[in-house]
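S.K.: Let me begin by handing over the structure; questions about it come next.
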Amino acid sequence: MPLPRGIKHVSELGVEGKRVFVRVDLNVPLTKDRKVSDDARIQAVLPTLRHLIERDARIVLASHLGRPDGQVKPELTLEPVAARLAELLDRDVVLADEPVGDGARKVVSDLRDGQIALLENLRFDPGEEANDETFARALASYCDIYVNDAFGTAHRAHASTAGMVKFVGERGAGFVMAKEIDVLSRLLGEVEKPYLAVLGGAKVSDKIEVLDALLGRVQAIAIGGAMANTFLVAQGKRLGQSRIEKDKLPLARNFLRKASEQKVTIHLPTDVVVASGLDATTGQVVSMEAGVPDDLMALDIGPATIEVYRRALQAAATIFWNGPMGVFEKPAFAAGTMAVARAMADHKVALTVVGGGDSAAAVAQAGIEDKVTHVSTGGGASLEFIQGLDLPGIAALVA
Ligand code: ADP
Ligand code: MG
């Protein structure tokens, strides 16, 4: 697994008997009675943890959960996460009752070879998100070696992802982080052409930087989801009650102009599935020539559009997909998103990469996780990475 820019893989580090701090992403969804409702993020870090256990490291895990905003919120304790992790590893996981402090220090110093401690929710302390030096030094004092396996927070310069690293002697990337860097950096190098990006989801404003950066790399971009609405309005189409970002119309027009100058093909929906609102259970297809009736809204791409996007996907040799084509959470408006997922899965040779939280959920809904090259665990992080930006959590790992 090649790692660029002087970053070591955790398997290259001498961890035996050492205290190894692992920044993990255990920010999992919880049920109302505080049980882990989806343990995918816990499952994802097991290879790194098993590796460290087998090599007799003393493991100090740290993660955030939810948005406690620097305050102790008992409902956001990592307790249910520690319990699920212990079950999956079939070992004790000792939870410290604070991210730093005397209690945390005691838990860490009591660790024996091969044992695991989990610090309490990092974001209970305002020092985490503020990247406070005192907090960072406290975390660093708990370990000899720093490992980051939390790609999803690598675009944030927080104490546990960036600040503490310079105070630790040795550092490296865990299995999740290493695979993310490996696959996503392939999209920044010389890729097989044509390179097609499929962009969708909620808002143009979330993704305009990505769109702009992609113009320099791809041959075509297929746009769907609510994001497409703003572009369609920019082209003078009628969108009825559809979600539109009026203030982004100049950005959209500017983007379409740049794309045509750079000879990048932009696919926009030629038909959409419309309904009276997000609660509707059925929709009807209208062509964009006719436009969306005044009292209805576009909730998915239509069948003619699906056909065009499917052909573009088939013809592509490299594909990056972020953002669903419609309100895929509702069966009546999931067809466009599922069609994109299946077209990616049908590829035998193309490099196929999916990024984004809802896009990853759509891939799971389509049951094709194993049929694409890579489903990124990072939403914002994967988008920043494929723009070629430096992510603080990755930059910090360079020796
Ligand atoms: P990701 O998390 O993959 O980056 P986003 O968060 O940008 O994706 O967008 C996902 C959301 O966009 C989904 O909840 C989906 O229902 C919504 N969405 C997609 N198309 C539309 C549409 N036409 N109208 C309203 N919402 C939409
Ligand atoms: Mg999302």
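Residues in the structure tokens are numbered from 1 in each chain, the chains being A, B, ... in the order shown, and ligands are numbered from 1 in the order shown.
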List the spatial neighbours of A:Thr134 as a PyMOL selection string - criterion: any atom at most 12 Å away, only C-alpha atoms, same-chain residues fewer than 6 positions off excluded.

M.R.: chain A and resi 100-101+125-128+140-141+159-160+163-164+167

S.K.: Please identify every polymer residue within 10 Å of ligand 2, using only C-alpha atoms and all ligand atoms, and present the set as a list in words.

M.R.: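 These are the residues that qualify: Gly201, Ala202, Lys203, Asp206, Asn322, Gly323, Pro324, Gly355, Gly356, Gly357, Asp358, Ser359, Ala360, Ala361, Gly379 and Gly380 of chain A.
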
S.K.: Taking only C-alpha atoms and all ligand atoms into account, report as a VMD selection string which residues have an atom no farther than 10 Å from an atom of ligand 1.

M.R.: chain A and resid 199 to 207 224 to 229 241 to 244 272 to 274 277 to 278 297 to 301 321 to 330 333 to 334 336 to 337 354 to 363 378 to 380 382 to 383

S.K.: May I ask which of the residues A:Pro74, A:Gly393, A:Thr318, A:Arg156 is the closest one to A:Gly189, counting only C-alpha atoms?

M.R.: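 Ranking A:Pro74, A:Gly393, A:Thr318, A:Arg156 by distance to A:Gly189, first place goes to A:Thr318.
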
S.K.: Might you pull out every residue within 8 Å of stretch 79-90 of chain A, with only C-alpha atoms counted and same-chain residues fewer than 5 positions away left off, and present them as a list in words?

M.R.: Leu26, Val28, Arg34, Lys35, Val36, Asp39, Ile42, Gln43, Leu46, Arg50, Leu95 and Leu118 of chain A

S.K.: Find the residue from A:Ala138, A:Arg67, A:His158, A:Lys166 that sits nearest to A:Val398; use only C-alpha atoms when measuring.

M.R.: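 Closest to A:Val398, using only C-alpha atoms: A:Lys166.
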
S.K.: Restricting the calculation to only C-alpha atoms: of A:Asp279, A:Glu261, A:Asp132, A:Asp271, which residue gets closest to A:Pro331?

M.R.: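 Comparing A:Asp279, A:Glu261, A:Asp132, A:Asp271 against A:Pro331, the winner is A:Asp279.
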
S.K.: I need the strand (DSSP E or B) residues of stretch 226-349 of chain A per DSSP on the backbone, written as a ChimeraX atom specification.

M.R.: /A:265-267,271-275,284-287,297-301,318-322

S.K.: Need to verify the contact set: A:Tyr146, 6 Å, only C-alpha atoms, exclusion of same-chain residues closer than 3 positions in sequence. Can you return it as a ChimeraX atom specification?

M.R.: /A:20-21,171

S.K.: Do you know which residues are at most 12 Å from A:His51 counting only C-alpha atoms, after dropping those on the same chain fewer than 3 positions away, and could you put them as a ChimeraX atom specification?

M.R.: /A:9-16,20,45-48,54-59,89,114,174-175

S.K.: What lies within 9 Å of A:Ala157 using only C-alpha atoms, ignoring chain neighbours under 3 positions off, as a ChimeraX atom specification?

M.R.: /A:129-131,153-154,160-163,391-393

S.K.: Might you pull out every residue within 8 Å of A:Ala62, with only C-alpha atoms counted and same-chain residues fewer than 3 positions away left off, and present them as an mmCIF file with all heavy atoms, in the first residue's frame?

M.R.:
```
data_model
loop_
_atom_site.group_PDB
_atom_site.id
_atom_site.type_symbol
_atom_site.label_atom_id
_atom_site.label_comp_id
_atom_site.auth_asym_id
_atom_site.auth_seq_id
_atom_site.Cartn_x
_atom_site.Cartn_y
_atom_site.Cartn_z
ATOM 1 N N PHE A 21 -1.304 6.030 20.764
ATOM 2 C CA PHE A 21 -2.542 6.808 20.718
ATOM 3 C C PHE A 21 -3.143 6.634 19.329
ATOM 4 O O PHE A 21 -2.474 6.870 18.330
ATOM 5 C CB PHE A 21 -2.203 8.282 20.958
ATOM 6 C CG PHE A 21 -3.383 9.209 21.025
ATOM 7 C CD1 PHE A 21 -3.846 9.684 22.247
ATOM 8 C CD2 PHE A 21 -4.016 9.645 19.860
ATOM 9 C CE1 PHE A 21 -4.920 10.570 22.310
ATOM 10 C CE2 PHE A 21 -5.091 10.522 19.923
ATOM 11 C CZ PHE A 21 -5.545 10.990 21.157
ATOM 12 N N VAL A 22 -4.392 6.209 19.249
ATOM 13 C CA VAL A 22 -5.028 6.070 17.939
ATOM 14 C C VAL A 22 -6.246 6.980 17.869
ATOM 15 O O VAL A 22 -7.221 6.795 18.604
ATOM 16 C CB VAL A 22 -5.470 4.623 17.643
ATOM 17 C CG1 VAL A 22 -5.842 4.489 16.162
ATOM 18 C CG2 VAL A 22 -4.382 3.618 17.997
ATOM 19 N N ARG A 23 -6.181 7.987 16.997
ATOM 20 C CA ARG A 23 -7.342 8.835 16.760
ATOM 21 C C ARG A 23 -8.247 8.067 15.808
ATOM 22 O O ARG A 23 -7.871 7.774 14.673
ATOM 23 C CB ARG A 23 -6.896 10.171 16.156
ATOM 24 C CG ARG A 23 -8.029 11.148 15.778
ATOM 25 C CD ARG A 23 -9.078 11.330 16.857
ATOM 26 N NE ARG A 23 -9.864 12.538 16.722
ATOM 27 C CZ ARG A 23 -11.172 12.559 16.405
ATOM 28 N NH1 ARG A 23 -11.820 11.445 16.160
ATOM 29 N NH2 ARG A 23 -11.826 13.717 16.344
ATOM 30 N N VAL A 24 -9.412 7.691 16.297
ATOM 31 C CA VAL A 24 -10.359 6.922 15.484
ATOM 32 C C VAL A 24 -11.624 7.751 15.290
ATOM 33 O O VAL A 24 -11.844 8.738 15.997
ATOM 34 C CB VAL A 24 -10.700 5.565 16.161
ATOM 35 C CG1 VAL A 24 -9.610 4.545 15.902
ATOM 36 C CG2 VAL A 24 -10.937 5.725 17.652
ATOM 37 N N PRO A 99 -11.722 13.228 28.732
ATOM 38 C CA PRO A 99 -10.720 13.128 27.664
ATOM 39 C C PRO A 99 -9.297 13.332 28.183
ATOM 40 O O PRO A 99 -8.382 12.637 27.756
ATOM 41 C CB PRO A 99 -11.108 14.215 26.663
ATOM 42 C CG PRO A 99 -12.144 15.053 27.312
ATOM 43 C CD PRO A 99 -12.672 14.348 28.510
ATOM 44 N N LEU A 118 -10.128 3.747 26.186
ATOM 45 C CA LEU A 118 -10.784 4.748 25.325
ATOM 46 C C LEU A 118 -10.991 6.008 26.158
ATOM 47 O O LEU A 118 -11.569 5.941 27.249
ATOM 48 C CB LEU A 118 -12.135 4.198 24.831
ATOM 49 C CG LEU A 118 -13.046 5.168 24.068
ATOM 50 C CD1 LEU A 118 -12.412 5.655 22.768
ATOM 51 C CD2 LEU A 118 -14.404 4.490 23.767
ATOM 52 N N LEU A 119 -10.472 7.135 25.662
ATOM 53 C CA LEU A 119 -10.706 8.395 26.355
ATOM 54 C C LEU A 119 -12.157 8.819 26.125
ATOM 55 O O LEU A 119 -12.757 8.473 25.111
ATOM 56 C CB LEU A 119 -9.756 9.484 25.830
ATOM 57 C CG LEU A 119 -8.257 9.177 25.940
ATOM 58 C CD1 LEU A 119 -7.434 10.322 25.340
ATOM 59 C CD2 LEU A 119 -7.852 8.935 27.400
ATOM 60 N N GLU A 120 -12.716 9.566 27.053
ATOM 61 C CA GLU A 120 -14.088 10.055 26.881
ATOM 62 C C GLU A 120 -14.127 11.086 25.728
ATOM 63 O O GLU A 120 -13.085 11.624 25.328
ATOM 64 C CB GLU A 120 -14.584 10.636 28.220
ATOM 65 C CG GLU A 120 -16.043 11.055 28.261
ATOM 66 C CD GLU A 120 -17.042 9.996 27.779
ATOM 67 O OE1 GLU A 120 -17.164 9.814 26.542
ATOM 68 O OE2 GLU A 120 -17.723 9.380 28.629
ATOM 69 N N ASN A 121 -15.307 11.276 25.187
ATOM 70 C CA ASN A 121 -15.588 12.184 24.065
ATOM 71 C C ASN A 121 -14.663 13.416 24.054
ATOM 72 O O ASN A 121 -14.759 14.289 24.913
ATOM 73 C CB ASN A 121 -17.054 12.617 24.155
ATOM 74 C CG ASN A 121 -17.547 13.255 22.880
ATOM 75 O OD1 ASN A 121 -16.758 13.717 22.057
ATOM 76 N ND2 ASN A 121 -18.868 13.265 22.706
ATOM 77 N N LEU A 122 -13.800 13.488 23.047
ATOM 78 C CA LEU A 122 -12.813 14.570 22.961
ATOM 79 C C LEU A 122 -13.473 15.945 22.962
ATOM 80 O O LEU A 122 -12.924 16.912 23.476
ATOM 81 C CB LEU A 122 -11.990 14.417 21.679
ATOM 82 C CG LEU A 122 -10.997 13.252 21.642
ATOM 83 C CD1 LEU A 122 -10.523 13.019 20.209
ATOM 84 C CD2 LEU A 122 -9.809 13.519 22.557
ATOM 85 N N SER A 160 -6.599 16.652 18.502
ATOM 86 C CA SER A 160 -6.325 15.215 18.357
ATOM 87 C C SER A 160 -5.972 14.821 16.926
ATOM 88 O O SER A 160 -5.486 13.721 16.691
ATOM 89 C CB SER A 160 -7.537 14.404 18.809
ATOM 90 O OG SER A 160 -8.604 14.594 17.894
#
```

S.K.: Could you check how far atom CA of A:Leu30 sits from atom CA of A:Leu76, in Å to one decimal?

M.R.: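 Straight-line distance from atom CA of A:Leu30 to atom CA of A:Leu76 works out to 9.3 Å.
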
S.K.: For atom CA of A:Leu313 and atom CA of A:Gly283, quote the distance in Å rounded to one decimal.

M.R.: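 Rounded to one decimal, the two atoms are 25.2 Å apart.
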
S.K.: Run DSSP on the backbone and grab whatever in stretch 22-167 of chain A lands in alpha helix (DSSP H); send it over as a PyMOL selection string.

M.R.: chain A and resi 40-44+46-54+79-89+102-109+126-130+133-140

S.K.: Can I get the selection written as a PDB file, in the first residue's frame, with C-alpha atoms?

M.R.:
```pdb
ATOM      1  CA  ALA A  40     -19.820   0.530  10.487  1.00  0.00           C
ATOM      2  CA  ARG A  41     -17.336   3.100  11.803  1.00  0.00           C
ATOM      3  CA  ILE A  42     -16.372   0.814  14.696  1.00  0.00           C
ATOM      4  CA  GLN A  43     -15.970  -2.126  12.301  1.00  0.00           C
ATOM      5  CA  ALA A  44     -13.796   0.027  10.044  1.00  0.00           C
ATOM      6  CA  LEU A  46     -10.851  -3.110  13.767  1.00  0.00           C
ATOM      7  CA  PRO A  47      -7.932  -3.975  11.411  1.00  0.00           C
ATOM      8  CA  THR A  48      -5.748  -1.268  12.979  1.00  0.00           C
ATOM      9  CA  LEU A  49      -6.757  -2.301  16.486  1.00  0.00           C
ATOM     10  CA  ARG A  50      -6.227  -6.020  15.850  1.00  0.00           C
ATOM     11  CA  HIS A  51      -2.825  -5.248  14.392  1.00  0.00           C
ATOM     12  CA  LEU A  52      -1.849  -3.309  17.535  1.00  0.00           C
ATOM     13  CA  ILE A  53      -3.286  -5.914  19.905  1.00  0.00           C
ATOM     14  CA  GLU A  54      -1.382  -8.724  18.183  1.00  0.00           C
ATOM     15  CA  GLU A  79     -19.950   4.422  26.835  1.00  0.00           C
ATOM     16  CA  PRO A  80     -22.194   2.615  24.309  1.00  0.00           C
ATOM     17  CA  VAL A  81     -19.362   2.773  21.782  1.00  0.00           C
ATOM     18  CA  ALA A  82     -16.879   1.275  24.252  1.00  0.00           C
ATOM     19  CA  ALA A  83     -19.359  -1.528  24.959  1.00  0.00           C
ATOM     20  CA  ARG A  84     -19.868  -2.334  21.274  1.00  0.00           C
ATOM     21  CA  LEU A  85     -16.134  -2.188  20.585  1.00  0.00           C
ATOM     22  CA  ALA A  86     -15.439  -4.562  23.483  1.00  0.00           C
ATOM     23  CA  GLU A  87     -18.028  -6.968  22.047  1.00  0.00           C
ATOM     24  CA  LEU A  88     -16.508  -6.850  18.564  1.00  0.00           C
ATOM     25  CA  LEU A  89     -12.936  -7.335  19.812  1.00  0.00           C
ATOM     26  CA  ASP A 102      -6.042  12.726  36.412  1.00  0.00           C
ATOM     27  CA  GLY A 103      -8.633  10.033  35.739  1.00  0.00           C
ATOM     28  CA  ALA A 104      -7.603   9.690  32.100  1.00  0.00           C
ATOM     29  CA  ARG A 105      -3.926   9.654  33.072  1.00  0.00           C
ATOM     30  CA  LYS A 106      -4.549   6.848  35.559  1.00  0.00           C
ATOM     31  CA  VAL A 107      -6.441   4.723  33.024  1.00  0.00           C
ATOM     32  CA  VAL A 108      -3.650   5.159  30.506  1.00  0.00           C
ATOM     33  CA  SER A 109      -0.812   4.432  32.940  1.00  0.00           C
ATOM     34  CA  PRO A 126     -13.271  23.009  24.289  1.00  0.00           C
ATOM     35  CA  GLY A 127      -9.530  22.470  23.711  1.00  0.00           C
ATOM     36  CA  GLU A 128     -10.187  19.786  21.097  1.00  0.00           C
ATOM     37  CA  GLU A 129     -11.884  21.881  18.417  1.00  0.00           C
ATOM     38  CA  ALA A 130      -9.929  25.025  19.389  1.00  0.00           C
ATOM     39  CA  GLU A 133      -1.917  23.665  22.946  1.00  0.00           C
ATOM     40  CA  THR A 134      -2.363  22.696  26.614  1.00  0.00           C
ATOM     41  CA  PHE A 135      -5.038  20.168  25.664  1.00  0.00           C
ATOM     42  CA  ALA A 136      -2.907  18.876  22.788  1.00  0.00           C
ATOM     43  CA  ARG A 137       0.107  18.449  25.088  1.00  0.00           C
ATOM     44  CA  ALA A 138      -2.020  16.582  27.619  1.00  0.00           C
ATOM     45  CA  LEU A 139      -3.157  14.115  24.941  1.00  0.00           C
ATOM     46  CA  ALA A 140       0.409  13.758  23.661  1.00  0.00           C
TER      47      ALA A 140
END
```

S.K.: Nearest to A:Ala395: which of A:Thr377, A:Thr281, A:Asn148, A:Thr31 is it, counting only C-alpha atoms?

M.R.: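 Among the listed residues, A:Asn148 lies closest to A:Ala395.
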
S.K.: Atom CA of A:Val375 to atom CA of A:Asp33: how many Å, to one decimal?

M.R.: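 So the two atoms, atom CA of A:Val375 and atom CA of A:Asp33, lie 29.5 Å apart.
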
S.K.: Which one of A:Val93, A:Ile221, A:Leu61, A:Met288 sits closest to A:Val147 if you count only C-alpha atoms?

M.R.: A:Leu61

S.K.: With distances taken over only C-alpha atoms, which residue among A:Asp110, A:Asp182, A:Glu384, A:Asp212 lies nearest A:Lys258?

M.R.: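 For A:Lys258, the nearest of the candidates is A:Asp212.
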